[in-house]
Structure formats: structure tokens, C-alpha cells
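Participant: I'm passing along structure11.txt; it holds compact mmCIF, C-alpha atoms.
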```txt
# COMPACT_ATOMS: atom_id res chain seq x y z
CA GLN N 1082 1.28 -1.61 -11.47
CA ALA N 1083 3.71 1.27 -11.00
CA ILE N 1084 5.80 -0.85 -8.62
CA VAL N 1085 5.88 -3.78 -11.05
CA GLU N 1086 6.88 -1.47 -13.89
CA GLU N 1087 9.85 -0.20 -11.85
CA VAL N 1088 10.86 -3.65 -10.57
CA LEU N 1089 11.03 -5.00 -14.13
CA LYS N 1090 13.76 -2.46 -14.93
CA TYR N 1091 16.08 -4.46 -12.63
CA ASN N 1092 15.58 -7.68 -14.61
CA PRO N 1093 14.25 -9.76 -11.71
CA HIS N 1094 14.00 -13.53 -11.84
CA ARG N 1095 10.30 -13.36 -11.01
CA VAL N 1096 7.62 -10.90 -9.92
CA ILE N 1097 4.66 -12.29 -7.97
CA ILE N 1098 1.50 -10.21 -7.86
CA PHE N 1099 -0.72 -11.36 -4.99
CA SER N 1100 -4.30 -10.09 -4.91
CA ARG N 1101 -7.83 -11.39 -4.43
CA ASP N 1102 -9.07 -9.19 -7.32
CA GLU N 1103 -9.10 -11.33 -10.46
CA VAL N 1104 -10.05 -8.37 -12.66
CA LYS N 1105 -6.90 -6.51 -11.59
CA HIS N 1106 -4.88 -9.62 -12.41
CA PHE N 1107 -6.47 -9.75 -15.85
CA ASN N 1108 -5.77 -6.06 -16.50
CA THR N 1109 -2.18 -6.42 -15.32
CA VAL N 1110 -1.57 -9.35 -17.68
CA LYS N 1111 -2.76 -7.16 -20.57
CA LEU N 1112 -0.79 -4.12 -19.42
CA PHE N 1113 2.50 -6.04 -19.33
CA ASN N 1114 1.84 -8.04 -22.50
CA ASN N 1115 1.86 -11.46 -20.82
CA ASN N 1116 5.39 -10.92 -19.49
CA PRO N 1117 6.65 -14.40 -18.49
CA LYS N 1118 8.47 -12.97 -15.47
CA ILE N 1119 5.15 -11.97 -13.89
CA GLN N 1120 3.22 -14.57 -11.92
CA ASN N 1121 -0.33 -13.68 -10.89
CA VAL N 1122 -1.51 -15.35 -7.69
CA ILE N 1123 -5.07 -15.04 -6.42
CA GLY N 1124 -5.21 -14.88 -2.64
CA ASP N 1125 -6.19 -12.77 0.34
CA ILE N 1126 -3.88 -11.39 3.02
CA ARG N 1127 -6.54 -12.41 5.54
CA ASP N 1128 -5.58 -16.02 4.80
CA TYR N 1129 -2.20 -16.77 6.37
CA ASP N 1130 -1.60 -19.98 4.42
CA SER N 1131 -2.06 -18.26 1.06
CA VAL N 1132 0.32 -15.44 2.09
CA LEU N 1133 2.84 -18.02 3.30
CA LYS N 1134 2.67 -19.83 -0.03
CA ALA N 1135 2.90 -16.62 -2.12
CA THR N 1136 5.96 -15.28 -0.27
CA ARG N 1137 7.96 -18.52 -0.41
CA GLY N 1138 11.28 -17.84 -2.15
CA ALA N 1139 10.73 -14.07 -2.30
CA HIS N 1140 13.62 -11.69 -1.58
CA ILE N 1141 11.64 -8.44 -1.31
CA VAL N 1142 7.96 -7.99 -0.48
CA PHE N 1143 5.93 -4.81 -1.02
CA HIS N 1144 2.88 -4.92 1.24
CA VAL N 1145 0.46 -2.43 -0.33
CA ALA N 1146 -2.88 -4.22 0.18
CA ALA N 1147 -5.49 -2.35 2.23
CA LEU N 1148 -9.10 -1.38 2.62
CA LYS N 1149 -8.89 2.42 2.48
CA ARG N 1150 -12.31 4.01 1.92
CA ILE N 1151 -12.42 6.11 5.08
CA ASP N 1152 -16.18 6.73 5.01
CA ILE N 1153 -17.12 3.07 4.55
CA LEU N 1154 -14.58 1.79 7.08
CA GLU N 1155 -16.07 4.04 9.79
CA HIS N 1156 -19.20 1.88 9.60
CA ASN N 1157 -17.28 -1.38 9.15
CA PRO N 1158 -14.38 -1.20 11.61
CA GLU N 1159 -14.20 -4.98 12.02
CA GLU N 1160 -13.48 -5.39 8.31
CA SER N 1161 -10.75 -2.77 8.50
CA VAL N 1162 -9.17 -4.65 11.41
CA ARG N 1163 -9.32 -7.98 9.56
CA THR N 1164 -7.58 -6.66 6.45
CA ASN N 1165 -5.47 -3.73 7.60
CA ILE N 1166 -4.21 -5.14 10.93
CA LEU N 1167 -4.63 -8.92 10.92
CA GLY N 1168 -3.71 -9.05 7.22
CA SER N 1169 -0.54 -7.10 7.97
CA MET N 1170 0.26 -9.51 10.78
CA ASN N 1171 -0.13 -12.40 8.34
CA VAL N 1172 2.32 -10.72 5.96
CA PHE N 1173 4.77 -10.16 8.82
CA LYS N 1174 4.63 -13.74 10.10
CA ALA N 1175 4.75 -15.31 6.63
CA CYS N 1176 7.80 -13.27 5.62
CA VAL N 1177 9.63 -14.21 8.82
CA ALA N 1178 8.75 -17.88 8.32
CA ASN N 1179 10.03 -17.79 4.73
CA GLY N 1180 13.19 -15.81 5.50
CA VAL N 1181 12.33 -12.90 3.19
CA GLU N 1182 15.21 -10.42 3.15
CA LYS N 1183 13.24 -7.17 3.27
CA VAL N 1184 9.58 -6.20 3.56
CA LEU N 1185 8.16 -2.75 2.89
CA PHE N 1186 4.83 -1.69 4.35
CA MET N 1187 2.99 1.13 2.59
CA SER N 1188 1.36 3.37 5.19
CA THR N 1189 -0.44 6.72 5.17
CA ASP N 1190 -0.22 10.20 6.67
CA LYS N 1191 -3.49 9.32 8.41
CA ALA N 1192 -1.54 6.95 10.71
CA CYS N 1193 -0.04 10.02 12.41
CA SER N 1194 -2.29 10.94 15.38
CA PRO N 1195 -5.19 8.95 13.87
CA ILE N 1196 -8.76 10.15 14.22
CA ASN N 1197 -10.54 7.54 12.08
CA THR N 1198 -10.71 3.75 11.76
CA TYR N 1199 -8.47 3.59 8.71
CA GLY N 1200 -5.74 5.72 10.28
CA ALA N 1201 -5.93 3.81 13.55
CA CYS N 1202 -5.52 0.47 11.77
CA LYS N 1203 -2.55 1.77 9.78
CA PHE N 1204 -1.05 3.14 13.01
CA VAL N 1205 -1.20 -0.31 14.60
CA SER N 1206 0.20 -1.93 11.45
CA GLU N 1207 3.13 0.48 11.50
CA LYS N 1208 3.92 -0.77 15.01
CA ILE N 1209 3.92 -4.36 13.74
CA PHE N 1210 6.54 -3.45 11.13
CA THR N 1211 8.73 -1.25 13.36
CA ASN N 1212 8.53 -2.58 16.93
CA TYR N 1213 9.69 -6.14 16.26
CA ASP N 1214 12.70 -7.91 17.77
CA LYS N 1215 15.48 -6.85 15.41
CA GLU N 1216 18.09 -8.94 17.24
CA THR N 1217 16.45 -12.28 16.48
CA THR N 1218 14.52 -11.47 13.28
CA LYS N 1219 16.60 -11.80 10.12
CA THR N 1220 13.93 -10.19 7.93
CA ALA N 1221 14.20 -6.38 7.78
CA PHE N 1222 10.87 -4.53 7.90
CA VAL N 1223 10.45 -0.91 6.89
CA VAL N 1224 7.53 1.53 6.55
CA ALA N 1225 6.99 4.26 3.94
CA ARG N 1226 4.31 6.78 4.86
CA PHE N 1227 2.43 8.52 2.03
CA GLY N 1228 -0.02 11.29 1.41
CA ASN N 1229 -2.67 11.09 -1.29
CA ILE N 1230 -1.31 9.40 -4.41
CA LEU N 1231 -2.73 11.33 -7.34
CA GLU N 1232 -5.16 9.37 -9.51
CA SER N 1233 -4.81 6.15 -7.53
CA THR N 1234 -7.85 3.88 -7.20
CA GLY N 1235 -10.63 5.55 -5.22
CA SER N 1236 -8.64 8.74 -4.61
CA ILE N 1237 -10.01 12.23 -4.46
CA ILE N 1238 -9.12 13.61 -7.93
CA PRO N 1239 -10.89 10.93 -10.04
CA ILE N 1240 -13.94 11.29 -7.77
CA PHE N 1241 -13.98 15.09 -8.17
CA MET N 1242 -13.44 14.86 -11.93
CA ASN N 1243 -16.31 12.43 -12.31
CA LYS N 1244 -18.62 14.66 -10.27
CA ILE N 1245 -17.70 17.72 -12.36
CA LYS N 1246 -18.21 15.88 -15.66
CA GLN N 1247 -21.68 14.80 -14.53
CA GLY N 1248 -22.56 18.31 -13.36
CA GLU N 1249 -22.90 17.19 -9.75
CA GLU N 1250 -21.91 19.04 -6.59
CA ILE N 1251 -18.61 18.07 -4.96
CA PRO N 1252 -19.24 16.81 -1.42
CA LEU N 1253 -16.88 18.02 1.31
CA THR N 1254 -16.80 16.88 4.92
CA ASP N 1255 -14.98 20.03 6.01
CA ASP N 1256 -13.64 22.85 3.84
CA ARG N 1257 -10.71 23.33 6.26
CA MET N 1258 -9.20 19.98 5.21
CA THR N 1259 -5.60 19.82 3.98
CA ARG N 1260 -4.28 17.23 1.53
CA PHE N 1261 -0.68 16.08 1.22
CA ILE N 1262 -0.22 14.97 -2.37
CA ILE N 1263 2.27 12.78 -4.22
CA ASN N 1264 2.29 11.49 -7.79
CA LYS N 1265 2.86 7.85 -8.71
CA THR N 1266 6.41 8.41 -9.95
CA THR N 1267 7.52 10.04 -6.69
CA ALA N 1268 5.64 7.42 -4.68
CA VAL N 1269 7.61 4.63 -6.35
CA GLU N 1270 10.85 6.56 -5.72
CA VAL N 1271 10.02 6.73 -2.01
CA LEU N 1272 9.29 2.99 -1.90
CA PHE N 1273 12.54 2.07 -3.61
CA ASP N 1274 14.58 4.49 -1.49
CA ALA N 1275 13.09 2.90 1.62
CA VAL N 1276 14.05 -0.57 0.37
CA ARG N 1277 17.50 0.62 -0.71
CA TYR N 1278 18.55 2.55 2.41
CA SER N 1279 16.70 0.91 5.31
CA ILE N 1280 18.26 -1.43 7.85
CA GLY N 1281 14.98 -2.33 9.54
CA GLY N 1282 12.38 -0.63 11.73
CA GLU N 1283 12.40 2.80 10.06
CA ILE N 1284 9.49 4.93 8.89
CA PHE N 1285 10.35 6.87 5.72
CA VAL N 1286 8.41 10.11 5.30
CA ARG N 1287 8.96 12.31 2.23
CA GLN N 1288 8.27 16.00 2.72
CA LEU N 1289 5.27 16.53 0.44
CA PRO N 1290 3.49 19.58 -0.92
CA ALA N 1291 0.23 20.37 0.84
CA LEU N 1292 -2.86 22.20 -0.32
CA LYS N 1293 -6.33 23.02 0.96
CA VAL N 1294 -9.03 20.76 -0.41
CA THR N 1295 -10.93 23.84 -1.60
CA ASP N 1296 -7.94 24.87 -3.75
CA LEU N 1297 -7.77 21.35 -5.15
```
Represent the structure from my file as C-alpha cells, please.

Facilitator:
Amino acid sequence: QAIVEEVLKYNPHRVIIFSRDEVKHFNTVKLFNNNPKIQNVIGDIRDYDSVLKATRGAHIVFHVAALKRIDILEHNPEESVRTNILGSMNVFKACVANGVEKVLFMSTDKACSPINTYGACKFVSEKIFTNYDKETTKTAFVVARFGNILESTGSIIPIFMNKIKQGEEIPLTDDRMTRFIINKTTAVEVLFDAVRYSIGGEIFVRQLPALKVTDL
């Protein structure tokens, strides 16, 4: 939603929102007051044909779809692979086939020296979007690597707030954990800077403030 809000400032011809979550589509339609420039398309990045159809005629693609619940993905690695790696490959191939000008892949700090399934899948996906043949591929691919986006879906702050409101204990895996944090406004800035300044194959990393999870 934050990306769409920023894109609309540039008066685009059309904005396509591609997601398998019909409730999110419904909420987005309400949020943007049935803006005629926005086209909601139900589909799954696991399905190459639907990605191919959705990206036809697109100039810029933001690939931000992912399964990201670290705890659940540890017990379901095959699902993480299907969405986070094979889905990313579908986006890559579809954008090349449709001659998209530029594609941005939204990654995570957990892709750096990964120690869990989610980070490992994002690490591999980063390779898909950076280690391609730039001599023969007209589409430019770029990666933006993030920390924890404050108050995003399923992120740590809403979970903590909900626990506190209900008088429950806050569960911690390890009190030595560090979190790199970024707010939605800065996150969108990073995405648009990556689109604006990239030539293809780069990984953009913003220096972010860090804090111990116990301080948070």
C-alpha cells in the first residue's frame, strides 16, 4: 500500500496490484477510494502463467511477495522454497519474457549469512536477481535489502503490543538478538532510490539504526 501511494504521485498510466489475497485487494480498493488507475489482479507468484499475464505491458515491477514467518517456515521449508525461490524465478522469467524495463526485488537483512530457511531462500533469490546475464538481458534487475519494517504485517512491534495489551508474557528466542529497523516512509525511499539509480545487478543496503530486542 505504501508503494502504491508513492507511485500514484507520479501520475502513472496504470498500477497493477498482484496478490492471491482477495481481502487485501478489497481493503486496498477502499483505501484508495476505487481509484480507476489501480487494477487488482488475483494470482499467485507460484503460477508462472498468471505472473506472465499480470506483468504484460508493465514498465516497472516491485516484487515484494514472500512467506516470511521465520518460525513457521522452519517447519515448512518446502513451502518457503515454492514461494520465495521458485516464485521469484517466475517473476524473473515473466519479466524477461515481457520486456519489463526494471524489476526490484525486496530482500531482507536475514539473507546475509543466512541461518534459517527464510534467510536462505532470500539469499538464493538475491542471486537470481543479481547473477543474471546482463549482456543479453534487456530487463534490469535490482535488489533492496531491508531490516524490520516497523508495523508491517506480522512484524515484531504489533505482536509485542498485542501481547502487552492482553497482559501476556513476550516470548523471546534469545535476549541477545539485535534488530535493524526501518519505517515505511524510509523503506519506500530506499525502493525508489534503487529503481532510480540502479543499472542492474546491484544490492542496495541502507545503513539502518540497530537496537537490542530487549530495549525494543

Participant: Would you compute the distance between CA of Gln1120 (chain N) and CA of Lys1090 (chain N)? Give it in Å to one decimal.

Facilitator: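 CA of Lys1090 (chain N) lies at a distance of 16.3 Å from CA of Gln1120 (chain N).
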
Participant: Identify, on the basis of all atoms listed in the file, every residue whose closest approach to Phe1210 (chain N) does not exceed 10 Å; exclude the query and any residue fewer than 2 positions from it along the same chain; express the result as an NGL selection string.

Facilitator: :N and (1169-1170 or 1172-1173 or 1184-1186 or 1205-1208 or 1212-1213 or 1221-1224 or 1281-1284)

Participant: Store the residues picked out above in a file with C-alpha atoms, as a CSV table (one decimal), keeping the file's coordinate frame.

Facilitator:
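Result file again.csv:
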```
chain,number,residue,atom,x,y,z
N,1169,SER,CA,-0.5,-7.1,8.0
N,1170,MET,CA,0.3,-9.5,10.8
N,1172,VAL,CA,2.3,-10.7,6.0
N,1173,PHE,CA,4.8,-10.2,8.8
N,1184,VAL,CA,9.6,-6.2,3.6
N,1185,LEU,CA,8.2,-2.8,2.9
N,1186,PHE,CA,4.8,-1.7,4.4
N,1205,VAL,CA,-1.2,-0.3,14.6
N,1206,SER,CA,0.2,-1.9,11.4
N,1207,GLU,CA,3.1,0.5,11.5
N,1208,LYS,CA,3.9,-0.8,15.0
N,1212,ASN,CA,8.5,-2.6,16.9
N,1213,TYR,CA,9.7,-6.1,16.3
N,1221,ALA,CA,14.2,-6.4,7.8
N,1222,PHE,CA,10.9,-4.5,7.9
N,1223,VAL,CA,10.4,-0.9,6.9
N,1224,VAL,CA,7.5,1.5,6.6
N,1281,GLY,CA,15.0,-2.3,9.5
N,1282,GLY,CA,12.4,-0.6,11.7
N,1283,GLU,CA,12.4,2.8,10.1
N,1284,ILE,CA,9.5,4.9,8.9
```

Participant: CA of Met1258 (chain N) and CA of His1144 (chain N), how far apart in Å?

Facilitator: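 We find that CA of His1144 (chain N) and CA of Met1258 (chain N) lie 28.0 Å from each other.
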
Participant: May I ask for the distance between CA of Phe1099 (chain N) and CA of Val1122 (chain N), given in Å to one decimal place?

Facilitator: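 The value is 4.9 Å.
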
Participant: Please list, as an NGL selection string, the residues that have an atom at most 10 Å away from (-8.7, -10.7, -8.2) in the coordinates of this file, counting all atoms listed in the file.

Facilitator: :N and (1099-1108 or 1121-1125)

Participant: Give as a PyMOL selection string the set of residues within 8 Å of the point (0.6, 6.6, -1.4), where distances use the file's coordinates and all atoms listed in the file.

Facilitator: chain N and resi 1187-1189+1226-1230+1263+1265+1268

Participant: Using only C-alpha atoms, pick whichever of N:Thr1164, N:Thr1295, N:Asn1197, N:Thr1220 has the shortest atom-to-atom distance to Ile1141 (chain N).

Facilitator: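 Result for the nearest residue to Ile1141 (chain N): N:Thr1220.
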
Participant: Choose the residue, out of N:Ile1209, N:Gly1168, N:Gly1248, N:Ser1279, that has the smallest atom-to-atom separation from Ser1131 (chain N); count all atoms listed in the file.

Facilitator: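 Answer, going by the shortest atom-to-atom distance: N:Gly1168.
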
Participant: Which polymer residues have any atom within 6 Å of an atom of region 1192-1195 of chain N, counting only C-alpha atoms, with same-chain residues fewer than 6 positions away left out, as JSON, numbers by chain?

Facilitator: {"N": [1201, 1203, 1204]}

Participant: Next, the residues of the selection above should be written as an mmCIF file, in the frame of the given file with C-alpha atoms.

Facilitator:
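Resulting contents of result_28.cif:
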```cif
data_model
loop_
_atom_site.group_PDB
_atom_site.id
_atom_site.type_symbol
_atom_site.label_atom_id
_atom_site.label_comp_id
_atom_site.auth_asym_id
_atom_site.auth_seq_id
_atom_site.Cartn_x
_atom_site.Cartn_y
_atom_site.Cartn_z
ATOM 1 C CA ALA N 1201 -5.930 3.810 13.550
ATOM 2 C CA LYS N 1203 -2.550 1.770 9.780
ATOM 3 C CA PHE N 1204 -1.050 3.140 13.010
#
```

Participant: Tell me which of N:Thr1211, N:Asn1264, N:Gln1247, N:Thr1217 sits closest to Leu1231 (chain N), counting all atoms listed in the file.

Facilitator: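 Ranked by minimum distance to Leu1231 (chain N), first place goes to N:Asn1264.
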
Participant: Rank nothing, just name the residue among N:Ile1251, N:Ile1237, N:Ala1225, N:Ile1196 nearest to Val1145 (chain N), using all atoms listed in the file.

Facilitator: N:Ala1225

Participant: Between N:Leu1292, N:Cys1176, N:Val1085, N:Ser1233, single out the one closest to Ile1119 (chain N), counting all atoms listed in the file.

Facilitator: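 Among the listed residues, N:Val1085 lies closest to Ile1119 (chain N).
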
Participant: Taking all atoms listed in the file into account, name the residue in N:Cys1202, N:Leu1297, N:Val1088, N:Ala1291 that is nearest to Glu1159 (chain N).

Facilitator: N:Cys1202

Participant: Fewer than 2 positions away in the same chain doesn't count, so skip those; otherwise give me all residues within 12 Å of Leu1154 (chain N), counting all atoms listed in the file, as a list of chain:residue names.

Facilitator: N:Ala1147, N:Leu1148, N:Lys1149, N:Arg1150, N:Ile1151, N:Asp1152, N:His1156, N:Asn1157, N:Pro1158, N:Glu1159, N:Glu1160, N:Ser1161, N:Val1162, N:Arg1163, N:Thr1164, N:Asn1165, N:Asn1197, N:Thr1198, N:Tyr1199, N:Gly1200, N:Ala1201, N:Cys1202
